[in-house]
Structure formats: structure tokens, C-alpha cells
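A.B. asks: The structure's right below; bear with me while I get my questions together.
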Amino acid sequence: MNAKALAYKIISDRKEQAEETARKNSEELLKDAEYYALNSECKKLVFEIARLGSQNKDTGDLNKKYSELSERRALRMKELGKTPDDIVPKYFCPVCHDTGVTSEGDCACLKELVYRIVREDASVPGNGMSIPEAAAREEAADNPELSSLYKLLLRYVASFPEVRKIYLLSGPVGVGKSFAAGVVAGELMRQGHTTLFLGANKLNDRFLRYHLADLSAKRELFAPLLEAELLVIDDLGSETLLNNVTVNYLYNLLTEREFPTIITTNLGEKELRNRYTDRIFSRLMDAENSKVLKLNGRDMRLRKGLSRGEKK
Ligand SMILES: [Zn+2]
């Protein structure tokens with residue numbers, strides 16, 4: 001089941017659950033003879049008032065009668081240990097009433113769920129650390145390179161989404177790039193931005209699935225990549241290059257995406273150009289749209305505490 005189908009399933013389960021609970025509560029109340037009688041009377045009155053109203057006829061004291069009866073009904077309900085809220089479905093999403101759609105298309109609750117499902121696919125590095133925490137950690141570890149990186153990332157998050165389209169974090173293995181990208185992703189997620197953190201391998205798998213999928217399934221595979229407010233492509237260069245797939249779709253993704261992307265890579269400029277061709281390379285290096293952050297990570301291996309939640 002793909003993420004969207006799964007999200008629909010979850011949403012329709014929510015709906016069913018909410019309606020089932022309301023129905024059960026209502027049934028329980030109706031087992032009480034007094035409540036049942038009052039409820040029937042109220043219903044009859046509502047109908048009568050509506051009928052007279054539609055014929056522009058005077059409703060007399062029916063409204064008054066109705067308020068009296070419905071007050072008694074509410075009282076009986078209370079005596080039976082229930083509230084009016086118990087008999088209307090408590091929908092998880094007040095906007096779409098757990099249908100997943102609005103007149104404008106997919107409801108925000110559905111989108112959010114799709115992203116959450118996709119995101120849960122991958123574990124995001126960063127240990128849920130905030131940027132100030134990460135900056136302080138690097139400062140304490142006397143690592144000027146990373147502490148200045150985090151200062152810059154703090155500004156990135158503060159200006160988000162008004163930031164450069166592509167941030168390329170490059171540098172050797174173990175320098176803390178993925179961790180930093182994960183910290184940014186976590187920070188933006190907490191702010192409610194839809195964020196997709198994908199290892200290059202996972203991204204490549206998705207490209208392949210997209211390549212092989214029939215037309216109807218294609219959109220669902222590509223759309224989250226385009227629509228996530230932040231996309232992180234982690235460890236670009238670690239994936240297996242697939243003919244007609246990797247480079248093509250990566251190029252499409254980078255040209256079609258309107259939201260910011262962060263890419264981490266161990267590859268240097270020359271390797272990037274060789275591997276991904278000139279058209280992707282110039283996209284990555286385009287001074288107007290991209291920012292390249294090179295970390296050299298000298299003495300990183302000697303730094304203590306590197307193993308704390310740090311993979312690469
Ligand atoms: Zn909704």
C-alpha cells in the first residue's frame with residue numbers, strides 16, 4: 001500500500017470510529033424509556049416547526065415547547081451520564097470530517113498524514129536536537145567550523161522558506177553533515193513544515209519505482225518529493241547509479257521542485273560533475289539558487305563525543 005492509500009485508510013478508520021462511538025452512545029440513551037419519549041417528542045416538534053416555517057405559517061408556542069422539551073431531554077441525558085457531545089461524531093479533522101477531501105482537493109490532514117508516513121520510512125538523524133543545542137554542543141567541543149555552520153543554519157530556519165533553493169553540504173565522511181541536515185529537518189518539522197528526509201538510496205529506489213510504475217501510480221510517488229516544504233537528500237553519491245533513472249529523475253526533481261532542498265554529499269565538485277553530468281552540476285553550483293557549504297572537518301576524528309548519535 002502506498003503512503004496515500006494508507007493515509008486514506010487511517011482517515012476512514014478515524015471516521016468510522018468517531019461515528020461508531022456516537023451511534024453507540026445514542027443507542028444507549030434510547031434504551032431509556034424517558035429519554036426515548038422526550039427525544040421522539042423533540043424530533044416531532046422540530047419537524048413540525050420546519051414544516052410550518054416552510055409554509056410561512058405561525059409556529060405559535062411550538063418553539064417554546066421545543067426548548068422546554070429539549071431542556072428536559074438534556075437533563076435526562078445528564079442523569080444517564082452523557083453529554084450532547086457524546087452523540088455527535090467527534091471527527092479528528094473538523095475541516096473534512098475525516099473524509100480526506102475538501103472542495104479544494106486533498107485536505108491538509110491527509111497531506112500531513114502522507115508526509116508522516118513517508119517520513120517514518122526513514123530515520124532522521126539529529127536526535128531531535130534543536131539548532132541552538134547543536135550549536136552549543138559544537139562550541140563546547142571547540143569546533144569552530146560546525147558551530148559557525150549551526151549559526152548559519154539558525155538563520156536558514158529563521159528565514160525559511162525564503163532561503164536558497166539548494167543548500168549543498170559537502171565534506172568528508174564523519175564531518176557531521178547528515179546530523180546537521182537532520183537537526184534542520186527536525187527543527188522545521190516541529191514548526192509544522194512538511195519535511196522529507198531521504199537517504200540517496202531511498203530516493204533512488206523511489207525513482208526506480210516511479211520509472212516502473214504505471215501512469216496512474218506515478219504521481220503519488222513523485223508528488224511528495226515535489227510538495228514537501230523541505231526535502232533533504234542525504235549522502236548523495238552513495239546510491240547505485242541506474243541508467244535512465246538516477247540522473248534523469250534527479251534532474252527533474254531539482255528543476256521542478258519549488259521548495260528548498262538540502263543535499264549532503266561526500267563527493268567533491270569534480271566527482272559530482274562526473275557522476276551527475278553538467279546539467280545537474282550546474283544546477284547544484286548555480287550561485288543564484290544554491291549555496292555550497294564545504295566542511296573540511298579537520299581533526300574531526302579526534303574530537304571527543306563524535307560517536308554520540310553521529311553516523312557519518
Ligand atoms: Zn481533513
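Following the order of the C-alpha cells, first chain is A, next is B, and so on, with residues numbered from 1 inside each chain and ligands from 1 in the order they appear.
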Residues near Gly182 in chain A, anyone? I mean within 9 Å using only C-alpha atoms, not counting same-chain ones fewer than 4 positions away, as an MDAnalysis selection string.

C.D. replies: chainID A and resid 124:129 177:178 186:187 197 232

A.B. asks: May I have the residues within 9 Å of Leu110 in chain A as a PDB file with N, CA and C atoms, in the first residue's frame, using only C-alpha atoms and disregarding those fewer than 5 positions away in the same chain?

C.D. replies:
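See selection_20.pdb below for the written result:
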ATOM      1  N   LYS A   4      -0.268   7.260   0.297  1.00  0.00           N
ATOM      2  CA  LYS A   4      -1.548   7.958   0.222  1.00  0.00           C
ATOM      3  C   LYS A   4      -2.717   7.014   0.510  1.00  0.00           C
ATOM      4  N   ALA A   7      -2.786   6.463   4.096  1.00  0.00           N
ATOM      5  CA  ALA A   7      -3.321   7.641   4.791  1.00  0.00           C
ATOM      6  C   ALA A   7      -4.844   7.669   4.697  1.00  0.00           C
ATOM      7  N   TYR A   8      -5.379   7.353   3.518  1.00  0.00           N
ATOM      8  CA  TYR A   8      -6.840   7.299   3.343  1.00  0.00           C
ATOM      9  C   TYR A   8      -7.463   6.256   4.268  1.00  0.00           C
ATOM     10  N   ILE A  11      -7.512   7.575   7.761  1.00  0.00           N
ATOM     11  CA  ILE A  11      -8.537   8.607   7.907  1.00  0.00           C
ATOM     12  C   ILE A  11      -9.939   7.997   7.924  1.00  0.00           C
ATOM     13  N   ASP A  98     -13.044  13.934   8.424  1.00  0.00           N
ATOM     14  CA  ASP A  98     -12.365  12.653   8.190  1.00  0.00           C
ATOM     15  C   ASP A  98     -12.736  11.985   6.867  1.00  0.00           C
ATOM     16  N   THR A  99     -12.872  12.803   5.844  1.00  0.00           N
ATOM     17  CA  THR A  99     -13.042  12.219   4.513  1.00  0.00           C
ATOM     18  C   THR A  99     -11.735  12.356   3.725  1.00  0.00           C
ATOM     19  N   GLY A 100     -10.874  13.273   4.168  1.00  0.00           N
ATOM     20  CA  GLY A 100      -9.600  13.473   3.491  1.00  0.00           C
ATOM     21  C   GLY A 100      -9.690  14.448   2.318  1.00  0.00           C
ATOM     22  N   VAL A 101     -10.928  14.858   1.989  1.00  0.00           N
ATOM     23  CA  VAL A 101     -11.065  15.790   0.862  1.00  0.00           C
ATOM     24  C   VAL A 101     -11.890  17.017   1.238  1.00  0.00           C
ATOM     25  N   TYR A 115       2.837  12.680   4.537  1.00  0.00           N
ATOM     26  CA  TYR A 115       4.225  13.034   4.829  1.00  0.00           C
ATOM     27  C   TYR A 115       4.732  12.301   6.050  1.00  0.00           C
TER      28      TYR A 115
END

A.B. asks: Counting only C-alpha atoms, which residues of range 271-298 of chain A sit at most 12 Å from some atom of range 139-158 of chain A, and what is each one's closest atom pair with its distance in Å to one decimal, listed by chain and rising residue number, as a tab-separated table?

C.D. replies:
residue	atom	partner	partner_atom	distance
A:Lys291	CA	A:Tyr156	CA	11.2
A:Val292	CA	A:Leu149	CA	11.7
A:Leu293	CA	A:Leu149	CA	8.4
A:Lys294	CA	A:Leu149	CA	9.8
A:Leu295	CA	A:Glu145	CA	7.2
A:Asn296	CA	A:Glu145	CA	8.3
A:Gly297	CA	A:Glu145	CA	7.4
A:Arg298	CA	A:Glu145	CA	9.1

A.B. asks: Go ahead and save the picked residues with N, CA and C atoms, as a CSV table (one decimal), in the first residue's frame.

C.D. replies:
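The resulting file, out_31.csv, is shown below:
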chain,number,residue,atom,x,y,z
A,291,LYS,N,23.5,27.4,-2.4
A,291,LYS,CA,24.6,27.7,-1.5
A,291,LYS,C,25.4,26.5,-1.3
A,292,VAL,N,26.7,26.5,-1.5
A,292,VAL,CA,27.5,25.4,-1.2
A,292,VAL,C,28.3,25.6,0.0
A,293,LEU,N,28.2,24.7,1.0
A,293,LEU,CA,28.9,24.8,2.2
A,293,LEU,C,29.9,23.7,2.3
A,294,LYS,N,31.1,24.0,2.3
A,294,LYS,CA,32.1,23.0,2.4
A,294,LYS,C,32.7,22.9,3.8
A,295,LEU,N,32.6,21.7,4.3
A,295,LEU,CA,33.2,21.4,5.6
A,295,LEU,C,34.5,20.6,5.4
A,296,ASN,N,35.6,21.0,6.0
A,296,ASN,CA,36.7,20.2,5.8
A,296,ASN,C,37.0,19.3,7.0
A,297,GLY,N,36.4,19.6,8.1
A,297,GLY,CA,36.3,18.6,9.2
A,297,GLY,C,37.7,18.2,9.7
A,298,ARG,N,38.7,19.1,9.6
A,298,ARG,CA,40.0,18.7,10.1
A,298,ARG,C,39.9,18.3,11.6

A.B. asks: Write out as JSON lines the residues of chain A that have any atom within 12 Å of an atom of ligand 1, one row each with the nearest atom pair and its distance in Å to one decimal, counting only C-alpha atoms and all ligand atoms, sorted by chain and then rising number.

C.D. replies:
{"residue": "A:Ala7", "atom": "CA", "partner": "ligand 1", "partner_atom_place_in_ligand_line": "1 (Zn)", "distance": 11.1}
{"residue": "A:Tyr8", "atom": "CA", "partner": "ligand 1", "partner_atom_place_in_ligand_line": "1 (Zn)", "distance": 10.5}
{"residue": "A:Ile10", "atom": "CA", "partner": "ligand 1", "partner_atom_place_in_ligand_line": "1 (Zn)", "distance": 11.7}
{"residue": "A:Ile11", "atom": "CA", "partner": "ligand 1", "partner_atom_place_in_ligand_line": "1 (Zn)", "distance": 8.3}
{"residue": "A:Ser12", "atom": "CA", "partner": "ligand 1", "partner_atom_place_in_ligand_line": "1 (Zn)", "distance": 10.7}
{"residue": "A:Arg14", "atom": "CA", "partner": "ligand 1", "partner_atom_place_in_ligand_line": "1 (Zn)", "distance": 10.8}
{"residue": "A:Lys15", "atom": "CA", "partner": "ligand 1", "partner_atom_place_in_ligand_line": "1 (Zn)", "distance": 10.5}
{"residue": "A:Tyr91", "atom": "CA", "partner": "ligand 1", "partner_atom_place_in_ligand_line": "1 (Zn)", "distance": 9.1}
{"residue": "A:Phe92", "atom": "CA", "partner": "ligand 1", "partner_atom_place_in_ligand_line": "1 (Zn)", "distance": 7.8}
{"residue": "A:Cys93", "atom": "CA", "partner": "ligand 1", "partner_atom_place_in_ligand_line": "1 (Zn)", "distance": 4.6}
{"residue": "A:Pro94", "atom": "CA", "partner": "ligand 1", "partner_atom_place_in_ligand_line": "1 (Zn)", "distance": 6.6}
{"residue": "A:Val95", "atom": "CA", "partner": "ligand 1", "partner_atom_place_in_ligand_line": "1 (Zn)", "distance": 5.1}
{"residue": "A:Cys96", "atom": "CA", "partner": "ligand 1", "partner_atom_place_in_ligand_line": "1 (Zn)", "distance": 4.1}
{"residue": "A:His97", "atom": "CA", "partner": "ligand 1", "partner_atom_place_in_ligand_line": "1 (Zn)", "distance": 6.2}
{"residue": "A:Asp98", "atom": "CA", "partner": "ligand 1", "partner_atom_place_in_ligand_line": "1 (Zn)", "distance": 5.5}
{"residue": "A:Thr99", "atom": "CA", "partner": "ligand 1", "partner_atom_place_in_ligand_line": "1 (Zn)", "distance": 6.6}
{"residue": "A:Gly100", "atom": "CA", "partner": "ligand 1", "partner_atom_place_in_ligand_line": "1 (Zn)", "distance": 4.9}
{"residue": "A:Val101", "atom": "CA", "partner": "ligand 1", "partner_atom_place_in_ligand_line": "1 (Zn)", "distance": 6.5}
{"residue": "A:Thr102", "atom": "CA", "partner": "ligand 1", "partner_atom_place_in_ligand_line": "1 (Zn)", "distance": 7.5}
{"residue": "A:Ser103", "atom": "CA", "partner": "ligand 1", "partner_atom_place_in_ligand_line": "1 (Zn)", "distance": 11.2}
{"residue": "A:Glu104", "atom": "CA", "partner": "ligand 1", "partner_atom_place_in_ligand_line": "1 (Zn)", "distance": 11.4}
{"residue": "A:Gly105", "atom": "CA", "partner": "ligand 1", "partner_atom_place_in_ligand_line": "1 (Zn)", "distance": 10.3}
{"residue": "A:Asp106", "atom": "CA", "partner": "ligand 1", "partner_atom_place_in_ligand_line": "1 (Zn)", "distance": 8.0}
{"residue": "A:Cys107", "atom": "CA", "partner": "ligand 1", "partner_atom_place_in_ligand_line": "1 (Zn)", "distance": 4.6}
{"residue": "A:Ala108", "atom": "CA", "partner": "ligand 1", "partner_atom_place_in_ligand_line": "1 (Zn)", "distance": 5.7}
{"residue": "A:Cys109", "atom": "CA", "partner": "ligand 1", "partner_atom_place_in_ligand_line": "1 (Zn)", "distance": 4.2}
{"residue": "A:Leu110", "atom": "CA", "partner": "ligand 1", "partner_atom_place_in_ligand_line": "1 (Zn)", "distance": 6.1}
{"residue": "A:Lys111", "atom": "CA", "partner": "ligand 1", "partner_atom_place_in_ligand_line": "1 (Zn)", "distance": 8.8}
{"residue": "A:Glu112", "atom": "CA", "partner": "ligand 1", "partner_atom_place_in_ligand_line": "1 (Zn)", "distance": 9.3}
{"residue": "A:Leu113", "atom": "CA", "partner": "ligand 1", "partner_atom_place_in_ligand_line": "1 (Zn)", "distance": 9.9}

A.B. asks: Using backbone DSSP assignments, extract all alpha helix (DSSP H) residues from range 96-261 of chain A; output them as a PyMOL selection string.

C.D. replies: chain A and resi 108-121+131-140+144-159+177-190+200-212+215-227+246-256

A.B. asks: Quick one: DSSP strand (DSSP E or B) residues in range 14-249 of chain A, as a VMD selection string?

C.D. replies: chain A and resid 101 to 102 105 to 106 166 to 170 195 to 199 230 to 236
